[in-house]
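**Q** Input data-v5.cif, format and content: mmCIF, C-alpha atoms and all ligand atoms.
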```cif
data_structure
#
loop_
_atom_site.group_PDB
_atom_site.id
_atom_site.type_symbol
_atom_site.label_atom_id
_atom_site.label_comp_id
_atom_site.auth_asym_id
_atom_site.auth_seq_id
_atom_site.Cartn_x
_atom_site.Cartn_y
_atom_site.Cartn_z
ATOM 1 C CA MET A 1 244.337 -199.437 6.455
ATOM 2 C CA PRO A 2 240.560 -198.983 6.169
ATOM 3 C CA ASN A 3 238.630 -200.009 9.293
ATOM 4 C CA SER A 4 236.168 -202.832 9.172
ATOM 5 C CA PHE A 5 233.588 -204.553 11.337
ATOM 6 C CA ILE A 6 231.060 -207.354 11.103
ATOM 7 C CA GLN A 7 227.444 -206.769 12.107
ATOM 8 C CA ASN A 8 224.614 -209.277 11.640
ATOM 9 C CA GLY A 9 226.904 -211.318 9.419
ATOM 10 C CA VAL A 10 227.636 -208.398 7.110
ATOM 11 C CA GLU A 11 231.290 -207.433 6.573
ATOM 12 C CA TYR A 12 231.680 -203.658 6.349
ATOM 13 C CA TYR A 13 234.709 -201.639 5.238
ATOM 14 C CA GLN A 14 235.241 -197.907 5.285
ATOM 15 C CA MET A 15 233.880 -196.429 2.087
ATOM 16 C CA PHE A 16 237.280 -195.538 0.701
ATOM 17 C CA ILE A 17 236.571 -195.539 -3.029
ATOM 18 C CA GLY A 18 236.747 -193.282 -6.058
ATOM 19 C CA CYS A 19 233.714 -191.403 -7.312
ATOM 20 C CA PRO A 20 231.321 -193.701 -9.239
ATOM 21 C CA VAL A 21 229.880 -190.721 -11.144
ATOM 22 C CA CYS A 22 233.348 -189.790 -12.362
ATOM 23 C CA VAL A 23 233.889 -193.428 -13.400
ATOM 24 C CA MET A 24 230.564 -193.361 -15.237
ATOM 25 C CA ASP A 25 231.467 -190.093 -16.966
ATOM 26 C CA GLY A 26 235.007 -191.236 -17.780
ATOM 27 C CA ARG A 27 236.837 -188.796 -15.498
ATOM 28 C CA PRO A 28 239.899 -189.949 -13.560
ATOM 29 C CA THR A 29 239.146 -190.418 -9.873
ATOM 30 C CA ARG A 30 241.115 -191.446 -6.802
ATOM 31 C CA PRO A 31 239.830 -193.305 -3.746
ATOM 32 C CA THR A 32 238.874 -191.106 -0.795
ATOM 33 C CA GLN A 33 236.811 -191.573 2.335
ATOM 34 C CA TRP A 34 233.123 -190.697 1.790
ATOM 35 C CA TYR A 35 231.001 -189.004 4.429
ATOM 36 C CA HIS A 36 227.262 -188.884 5.069
ATOM 37 C CA HIS A 37 226.034 -185.521 3.790
ATOM 38 C CA VAL A 38 223.488 -185.321 6.615
ATOM 39 C CA ASP A 39 225.823 -185.558 9.603
ATOM 40 C CA GLY A 40 229.376 -185.901 8.280
ATOM 41 C CA GLY A 41 229.623 -189.479 9.573
ATOM 42 C CA GLU A 42 232.089 -191.856 7.972
ATOM 43 C CA MET A 43 230.402 -194.138 5.473
ATOM 44 C CA TYR A 44 231.040 -197.869 5.315
ATOM 45 C CA ILE A 45 230.146 -200.358 2.612
ATOM 46 C CA GLY A 46 228.924 -203.875 3.334
ATOM 47 C CA ASP A 47 228.986 -207.063 1.310
ATOM 48 C CA ASN A 48 225.161 -207.041 1.454
ATOM 49 C CA GLY A 49 225.298 -204.111 -0.969
ATOM 50 C CA TYR A 50 224.332 -201.500 1.620
ATOM 51 C CA TYR A 51 226.054 -198.333 2.757
ATOM 52 C CA TYR A 52 226.188 -197.666 6.489
ATOM 53 C CA CYS A 53 226.809 -194.413 8.372
ATOM 54 C CA ILE A 54 228.909 -194.999 11.472
ATOM 55 C CA ASP A 55 227.319 -191.988 13.236
ATOM 56 C CA CYS A 56 223.567 -192.218 12.637
ATOM 57 C CA LYS A 57 223.610 -195.969 11.783
ATOM 58 C CA LYS A 58 221.479 -195.341 8.717
ATOM 59 C CA THR A 59 221.759 -197.998 6.029
ATOM 60 C CA MET A 60 220.815 -197.608 2.411
ATOM 61 C CA PRO A 61 221.024 -199.848 -0.670
ATOM 62 C CA VAL A 62 223.873 -198.833 -2.949
ATOM 63 C CA ILE A 63 221.405 -198.309 -5.799
ATOM 64 C CA ASP A 64 219.597 -195.570 -3.834
ATOM 65 C CA TRP A 65 222.744 -193.590 -3.042
ATOM 66 C CA ALA A 66 223.678 -190.362 -4.839
ATOM 67 C CA TYR A 67 227.244 -189.134 -5.252
ATOM 68 C CA VAL A 68 228.917 -185.833 -5.936
ATOM 69 C CA CYS A 69 232.571 -184.839 -5.669
ATOM 70 C CA ALA A 70 234.572 -181.706 -6.429
ATOM 71 C CA ASP A 71 235.419 -182.992 -9.929
ATOM 72 C CA CYS A 72 231.742 -183.752 -10.617
ATOM 73 C CA GLU A 73 230.861 -180.191 -9.621
ATOM 74 C CA LYS A 74 233.577 -178.796 -11.895
ATOM 75 C CA ALA A 75 232.159 -180.943 -14.711
ATOM 76 C CA GLY A 76 228.728 -179.377 -14.252
ATOM 77 C CA HIS A 77 226.885 -181.715 -11.863
ATOM 78 C CA GLU A 78 225.147 -179.350 -9.495
ATOM 79 C CA LYS A 79 223.461 -182.033 -7.440
ATOM 80 C CA ALA A 80 224.393 -185.504 -6.272
ATOM 81 C CA VAL A 81 223.856 -188.120 -8.979
ATOM 82 C CA LYS A 82 222.261 -191.559 -8.646
ATOM 83 C CA ILE A 83 223.838 -194.405 -10.594
ATOM 84 C CA ASP A 84 221.292 -196.450 -12.558
ATOM 85 C CA ASN A 85 223.770 -199.048 -13.797
ATOM 86 C CA LEU A 86 225.682 -200.474 -10.848
ATOM 87 C CA LYS A 87 228.533 -201.685 -13.055
ATOM 88 C CA HIS A 88 230.074 -198.250 -12.493
ATOM 89 C CA VAL A 89 229.949 -198.752 -8.723
ATOM 90 C CA ALA A 90 231.331 -202.287 -9.072
ATOM 91 C CA GLU A 91 234.241 -200.978 -11.112
ATOM 92 C CA THR A 92 234.900 -198.186 -8.627
ATOM 93 C CA ILE A 93 235.006 -200.629 -5.728
ATOM 94 C CA SER A 94 237.164 -203.170 -7.539
ATOM 95 C CA VAL A 95 239.918 -200.637 -8.296
ATOM 96 C CA SER A 96 239.694 -198.744 -4.987
ATOM 97 C CA GLY A 97 242.470 -200.668 -3.274
ATOM 98 C CA LEU A 98 240.035 -202.052 -0.681
ATOM 99 C CA VAL A 99 240.169 -205.545 -2.143
ATOM 100 C CA THR A 100 243.963 -205.735 -2.132
ATOM 101 C CA ALA A 101 244.462 -203.943 1.194
ATOM 102 C CA VAL A 102 241.865 -205.646 3.349
ATOM 103 C CA ALA A 103 238.630 -206.951 1.923
ATOM 104 C CA GLY A 104 239.764 -209.732 -0.408
ATOM 105 C CA MET A 105 238.216 -211.321 -3.469
ATOM 106 C CA GLU A 106 235.482 -213.257 -1.652
ATOM 107 C CA TRP A 107 234.136 -209.998 -0.229
ATOM 108 C CA LEU A 108 234.301 -208.489 -3.717
ATOM 109 C CA VAL A 109 232.322 -211.422 -5.133
ATOM 110 C CA ARG A 110 229.710 -211.151 -2.366
ATOM 111 C CA ILE A 111 229.175 -207.425 -2.839
ATOM 112 C CA THR A 112 229.143 -207.802 -6.631
ATOM 113 C CA ASN A 113 226.439 -210.473 -6.360
ATOM 114 C CA ALA A 114 224.458 -208.228 -4.009
ATOM 115 C CA LEU A 115 224.699 -205.372 -6.514
ATOM 116 C CA ILE A 116 223.550 -207.647 -9.351
ATOM 117 C CA LYS A 117 220.468 -208.621 -7.284
ATOM 118 C CA GLN A 118 219.716 -204.959 -6.498
ATOM 119 C CA GLN A 119 220.009 -204.106 -10.159
ATOM 120 C CA GLU A 120 217.610 -206.924 -11.131
ATOM 121 C CA THR A 121 214.960 -206.092 -8.553
ATOM 122 C CA HIS A 122 215.199 -202.385 -9.315
ATOM 123 C CA SER A 123 214.614 -202.535 -13.063
HETATM 124 ZN ZN ZN A 201 224.784 -190.360 9.181
HETATM 125 ZN ZN ZN A 202 232.786 -187.342 -9.106
#
```
Can the structure in the file be given as structure tokens, please?
Ligand SMILES: [Zn+2]
Ligand SMILES: [Zn+2]

**A**
Amino acid sequence: MPNSFIQNGVEYYQMFIGCPVCVMDGRPTRPTQWYHHVDGGEMYIGDNGYYYCIDCKKTMPVIDWAYVCADCEKAGHEKAVKIDNLKHVAETISVSGLVTAVAGMEWLVRITNALIKQQETHS
């Protein structure tokens, strides 16, 4: 069961999701725990649309995050990739198992709305 906590009204779950870049590229991907590349800390994802590192407490909007996994590297991505269209992240989250296991549909709606707002203010 992924861990969770609430901080300043934001509901965070362990970032146990597939790879959004693989989803974007059409590669199969399975949910795994993601870690902060800087310090190896476990990443969490909040319904405010921000990632959170449990070790260094750094937060970052989902739209600013870059992803790379072993399958991405095999497919030719040498560096971590930013996702311009957050629909790929939304899809990754919605099929990760988080919603069924712990987070629930209301959390999914809240994070989806947060991602829509990020997308609007970014473009
Ligand atoms: Zn960190
Ligand atoms: Zn990938």

**Q** Hey, which residues sit close to ligand ZN 201 (chain A)? Say within 12 Å, counting only C-alpha atoms and all ligand atoms, and write them as a tab-separated table (two decimals) with C-alpha atoms, keeping the file's coordinate frame.

**A**
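Dumped everything to out13.tsv:
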```tsv
chain	number	residue	atom	x	y	z
A	34	TRP	CA	233.12	-190.70	1.79
A	35	TYR	CA	231.00	-189.00	4.43
A	36	HIS	CA	227.26	-188.88	5.07
A	37	HIS	CA	226.03	-185.52	3.79
A	38	VAL	CA	223.49	-185.32	6.62
A	39	ASP	CA	225.82	-185.56	9.60
A	40	GLY	CA	229.38	-185.90	8.28
A	41	GLY	CA	229.62	-189.48	9.57
A	42	GLU	CA	232.09	-191.86	7.97
A	43	MET	CA	230.40	-194.14	5.47
A	44	TYR	CA	231.04	-197.87	5.32
A	51	TYR	CA	226.05	-198.33	2.76
A	52	TYR	CA	226.19	-197.67	6.49
A	53	CYS	CA	226.81	-194.41	8.37
A	54	ILE	CA	228.91	-195.00	11.47
A	55	ASP	CA	227.32	-191.99	13.24
A	56	CYS	CA	223.57	-192.22	12.64
A	57	LYS	CA	223.61	-195.97	11.78
A	58	LYS	CA	221.48	-195.34	8.72
A	59	THR	CA	221.76	-198.00	6.03
A	60	MET	CA	220.82	-197.61	2.41
```

**Q** Which residues come within 12 Å of region 63-74 of chain A, counting only C-alpha atoms, excluding same-chain residues fewer than 3 positions away, as a VMD selection string?

**A** chain A and resid 17 to 37 43 45 48 to 52 58 to 60 77 to 90 114 to 123

**Q** Could you tell me how far CA of Val102 (chain A) sits from CA of Val62 (chain A), in Å to one decimal place?

**A**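 Calculated distance between CA of Val62 (chain A) and CA of Val102 (chain A) is 20.2 Å.
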
**Q** Quick one: residues within 8 Å of Leu98 (chain A), only C-alpha atoms counted, chain neighbours fewer than 5 positions away excluded, as a list in words?

**A** Pro2, Tyr13, Phe16, Ile17, Ile93, Ala103 and Gly104 of chain A

**Q** Using all atoms listed in the file, find the one residue out of A:Ala75, A:Met1, A:Ile6, A:Met15 that sits nearest to ligand ZN 202 (chain A).

**A**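 Closest to ligand ZN 202 (chain A), using all atoms listed in the file: A:Ala75.
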
**Q** Could you state the separation of CA of Phe5 (chain A) and CA of Ala101 (chain A) in Å, given to one decimal place?

**A**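 That distance, rounded to one decimal, is 14.9 Å.
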
**Q** For region 19-35 of chain A, supply N, CA and C atoms and format the output as a CSV table (one decimal), in the frame of the given file.

**A**
```
chain,number,residue,atom,x,y,z
A,19,CYS,N,235.1,-191.9,-7.1
A,19,CYS,CA,233.7,-191.4,-7.3
A,19,CYS,C,233.1,-192.2,-8.5
A,20,PRO,N,232.0,-192.9,-8.2
A,20,PRO,CA,231.3,-193.7,-9.2
A,20,PRO,C,230.8,-192.8,-10.4
A,21,VAL,N,230.4,-191.6,-10.1
A,21,VAL,CA,229.9,-190.7,-11.1
A,21,VAL,C,231.0,-190.3,-12.1
A,22,CYS,N,232.2,-190.1,-11.5
A,22,CYS,CA,233.3,-189.8,-12.4
A,22,CYS,C,233.7,-191.0,-13.2
A,23,VAL,N,233.6,-192.2,-12.6
A,23,VAL,CA,233.9,-193.4,-13.4
A,23,VAL,C,232.9,-193.5,-14.5
A,24,MET,N,231.6,-193.3,-14.2
A,24,MET,CA,230.6,-193.4,-15.2
A,24,MET,C,230.8,-192.4,-16.4
A,25,ASP,N,231.2,-191.2,-16.0
A,25,ASP,CA,231.5,-190.1,-17.0
A,25,ASP,C,232.8,-190.2,-17.7
A,26,GLY,N,233.7,-191.1,-17.2
A,26,GLY,CA,235.0,-191.2,-17.8
A,26,GLY,C,236.1,-190.3,-17.3
A,27,ARG,N,235.8,-189.7,-16.1
A,27,ARG,CA,236.8,-188.8,-15.5
A,27,ARG,C,237.7,-189.6,-14.6
A,28,PRO,N,239.0,-189.3,-14.5
A,28,PRO,CA,239.9,-189.9,-13.6
A,28,PRO,C,239.4,-189.7,-12.1
A,29,THR,N,239.6,-190.6,-11.3
A,29,THR,CA,239.1,-190.4,-9.9
A,29,THR,C,240.0,-191.3,-9.0
A,30,ARG,N,240.3,-190.7,-7.8
A,30,ARG,CA,241.1,-191.4,-6.8
A,30,ARG,C,240.3,-191.8,-5.6
A,31,PRO,N,240.6,-192.9,-4.9
A,31,PRO,CA,239.8,-193.3,-3.7
A,31,PRO,C,240.0,-192.3,-2.6
A,32,THR,N,238.9,-191.9,-2.0
A,32,THR,CA,238.9,-191.1,-0.8
A,32,THR,C,237.8,-191.6,0.1
A,33,GLN,N,237.9,-191.2,1.4
A,33,GLN,CA,236.8,-191.6,2.3
A,33,GLN,C,235.6,-190.7,2.0
A,34,TRP,N,234.4,-191.4,2.0
A,34,TRP,CA,233.1,-190.7,1.8
A,34,TRP,C,232.4,-190.5,3.1
A,35,TYR,N,231.7,-189.4,3.2
A,35,TYR,CA,231.0,-189.0,4.4
A,35,TYR,C,229.5,-188.8,4.2
```
